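Peer 1: Encoded as structure tokens, here's the structure I'll be asking about.
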Amino acid sequence: MLFLGKEIPTPLTLASGILGISFSSLQRVIRDGAGMVTTKSLSIEPRIGHEGPIMAEFNGGLINSVGLTNPGIQDGLAEVEKFHQNCHGVVIVSVFGGNAAEFVELTKAVNDSSADILELNLSCPNVEDEFKRPFALMPDKTTEIVAAVAAVSRIPILAKLSPNSNDITTMAKLAEAAGAHGLTMINTLGHGMVIDAIARRPVLRNNFGGISGPCIKPLAIKLIHDVYQVVKIPILGTGGISTGLDAIEMMMAGASAVAVGTAVYDQGLNVFKSIRAEMEAFMETHGYADYSDLIGILEEN
Ligand code: DHB
């Protein structure tokens with residue numbers, strides 16, 4: 001199938017932030033049956049991120065407050081080059097800037113690399129103290145950043161939207177109008193808080209974090225469904241997928257491809273093999289010849 005003009009064997013994708021940026025772990029995901037991998041968001045300079053604990057489990061998923069830990073755009077893109085030396089998988093490079101000028105600088109660096117698709121992380125919830133409100137909550141900022149990047153990018157752009165926006169369909173339409181070629185949705189929900197009752201403290205050092213995993217799947221599916229009705233550009237769906245059936249549901253709601261994140265922590269790297277096998281079995285049983293036959297075919301009651 002095709003996603004943003006790239007031929008991919010399956011719509012399965014590694015979500016951003018899960019396996020960092022090292023080329024060998026990204027290649028392993030492709031070998032296990034994913035069509036695309038997304039890097040951890042890269043910023044212009046390296047970032048250490050927040051003090052630990054940065055992640056906490058609860059019975060519906062995970063909360064995290066990583067703080068955009070990454071080695072910086074130059075080192076990150078060096079890994080992308082190593083990845084492509086002996087692997088044909090599609091690499092989505094996620095970038096994070098503090099303003100439109102930084103996003104443009106990052107885009108120019110990505111232009112000089114072998115990255116296939118650029119994802120704009122407009123919606124990290126964990127760095128408000130440094131960068132103020134996530135851009136994906138602000139219509140003017142979303143338009144400004146997407147338009148500035150679209151003017152210089154040599155490769156297709158995904159705008160990553162936030163479920164915390166109170167009008168995600170408007171944000172989606174604005175990103176499309178500003179030149180985004182596709183949308184990634186959804187980023188983590190909230191902030192949430194997980195408490196250690198014995199210690200009488202939040203588990204995360206940063207107190208709060210973005211929520212991911214199975215508990216956000218119904219929200220992701222509803223928002224993808226809503227956005228699918230109002231845009232023409234493809235959606236990379238993500239949020240709580242841990243089985244092949246989850247992935248199929250999300251595609252039926254309107255996603256053209258689906259990214260897996262939290263389930264990698266729960267099930268390990270074999271999750272890509274198992275989700276791929278479950279999707280293929282479902283399609284065989286129910287007579288779908290191609291992944292693209294699943295996109296947006298939901299019938300409403
Ligand atoms: C970070 C966490 C997220 O949940 C996210 O969506 C983006 C970035 C982070 O803290 O690094």
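If you're wondering about the labels, chains in the structure tokens are A, B, ... by order shown, residues count from 1 in each chain, ligands from 1 in order shown.
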Enumerate as a list of chain:residue names all residues of region 196-244 of chain A assigned to strand (DSSP E or B) by DSSP on the backbone, naming them with the chain letters and numbers the document uses.

Peer 2: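 Everything in region 196-244 of chain A that counts as strand (DSSP E or B) is A:Asp196, A:Arg201, A:Pro202, A:Gly209, A:Gly210, A:Ile211, A:Ser212, A:Ile235, A:Leu236, A:Gly237, A:Thr238.
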
Peer 1: Might you pull out every residue within 7 Å of region 111-123 of chain A, with only C-alpha atoms counted and same-chain residues fewer than 6 positions away left off, and present them as a short mmCIF file (atom, residue, chain, number, x, y, z; two decimals) with C-alpha atoms, in the first residue's frame?

Peer 2:
```cif
data_model
loop_
_atom_site.label_atom_id
_atom_site.label_comp_id
_atom_site.auth_asym_id
_atom_site.auth_seq_id
_atom_site.Cartn_x
_atom_site.Cartn_y
_atom_site.Cartn_z
CA SER A 41 11.28 14.00 18.63
CA LEU A 77 19.88 12.33 11.58
CA VAL A 80 18.73 7.84 10.10
CA GLU A 81 21.60 7.64 7.59
CA VAL A 90 10.23 4.38 5.81
CA VAL A 91 11.60 6.70 8.50
CA ILE A 92 9.40 9.42 9.91
CA VAL A 93 11.59 11.99 11.64
CA SER A 94 9.74 13.73 14.46
CA VAL A 95 10.95 17.22 15.32
CA PHE A 96 10.21 19.64 18.12
CA PRO A 134 1.46 23.10 23.25
CA PHE A 135 1.17 24.66 19.78
CA ALA A 136 -1.53 22.16 18.79
CA SER A 153 10.21 21.06 3.40
CA ARG A 154 11.39 18.77 0.61
CA ILE A 155 9.46 15.79 2.03
CA PRO A 156 5.83 15.22 3.15
CA ILE A 157 4.79 16.70 6.50
CA LEU A 158 2.62 15.14 9.22
CA ALA A 159 1.21 17.50 11.86
CA LYS A 160 0.77 15.72 15.20
CA LEU A 161 -2.41 16.84 16.92
CA SER A 162 -3.42 16.85 20.57
CA ASN A 187 -0.69 12.51 21.08
#
```

Peer 1: Looking at A:His191, A:Arg276, A:Arg200, A:His225, which one is nearest to ligand 1, with distances taken over only C-alpha atoms and all ligand atoms?

Peer 2: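 Using only C-alpha atoms and all ligand atoms, the shortest distance to ligand 1 belongs to A:His191.
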
Peer 1: Quick check, in Å to one decimal: how far apart do CA of Gly244 (chain A) and CA of Asn301 (chain A) lie?

Peer 2: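 Taking CA of Gly244 (chain A) and CA of Asn301 (chain A), their separation equals 23.5 Å.
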
Peer 1: List as number ranges by chain the protein and nucleic acid residues lying within 10 Å of ligand 1, with only C-alpha atoms and all ligand atoms counted.

Peer 2: A: 15-18, 40-42, 47-50, 54-55, 62-70, 94, 96, 121-127, 160-162, 186-191, 209-212

Peer 1: Using only C-alpha atoms, which residue out of A:Asn86, A:Ile224, A:Glu128, A:Val260 lies closest to Leu14 (chain A)?

Peer 2: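 Smallest separation from Leu14 (chain A) among the options: A:Val260.
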
Peer 1: Work out how far CA of Arg31 (chain A) is from CA of Leu19 (chain A), in Å to one decimal.

Peer 2: 14.6 Å

Peer 1: What parts of region 39-221 of chain A does DSSP call alpha helix (DSSP H)? I'd like the answer as a PyMOL selection string.

Peer 2: chain A and resi 73-85+100-111+128-131+139-152+168-178+217-221

Peer 1: Record the distance separating CA of Thr13 (chain A) and CA of Val149 (chain A), expressed in Å with one decimal.

Peer 2: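 Those two atoms sit 23.1 Å apart.
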
Peer 1: With distances taken over only C-alpha atoms, which of A:Val227, A:Leu183, A:Ala178, A:Ala56 is nearest to Ile195 (chain A)?

Peer 2: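 Once distances to Ile195 (chain A) are computed over only C-alpha atoms, the minimum belongs to A:Ala56.
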
Peer 1: Extract, using only C-alpha atoms, all DNA, RNA and protein residues at most 10 Å from Glu144 (chain A), discarding same-chain residues fewer than 3 positions from it, and format them as JSON, numbers by chain.

Peer 2: {"A": [99, 100, 135, 139, 140, 141, 147, 148, 149, 150, 174, 175, 178]}

Peer 1: Nearest residue to Gly33 (chain A) out of A:Ile248, A:Cys215, A:Leu12, A:Leu294, using only C-alpha atoms?

Peer 2: A:Leu12

Peer 1: For a quick check of understanding, using only C-alpha atoms, which of A:Gly254, A:Gly213, A:Pro46, A:Gly268 has the smallest distance to Gly61 (chain A)?

Peer 2: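 Using only C-alpha atoms, Gly61 (chain A) sits closest to A:Gly213.
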
Peer 1: Could you give me, as a PyMOL selection string, the residues within 12 Å of Tyr228 (chain A), counting only C-alpha atoms and dropping anything in the same chain fewer than 3 positions from it?

Peer 2: chain A and resi 168-170+172-173+176+182-185+220-225+231-237+250-256+295-298

Peer 1: Find, counting only C-alpha atoms, the residue in A:Glu280, A:Gly52, A:Ala78, A:Glu102 that gets nearest to Asn207 (chain A).

Peer 2: A:Gly52
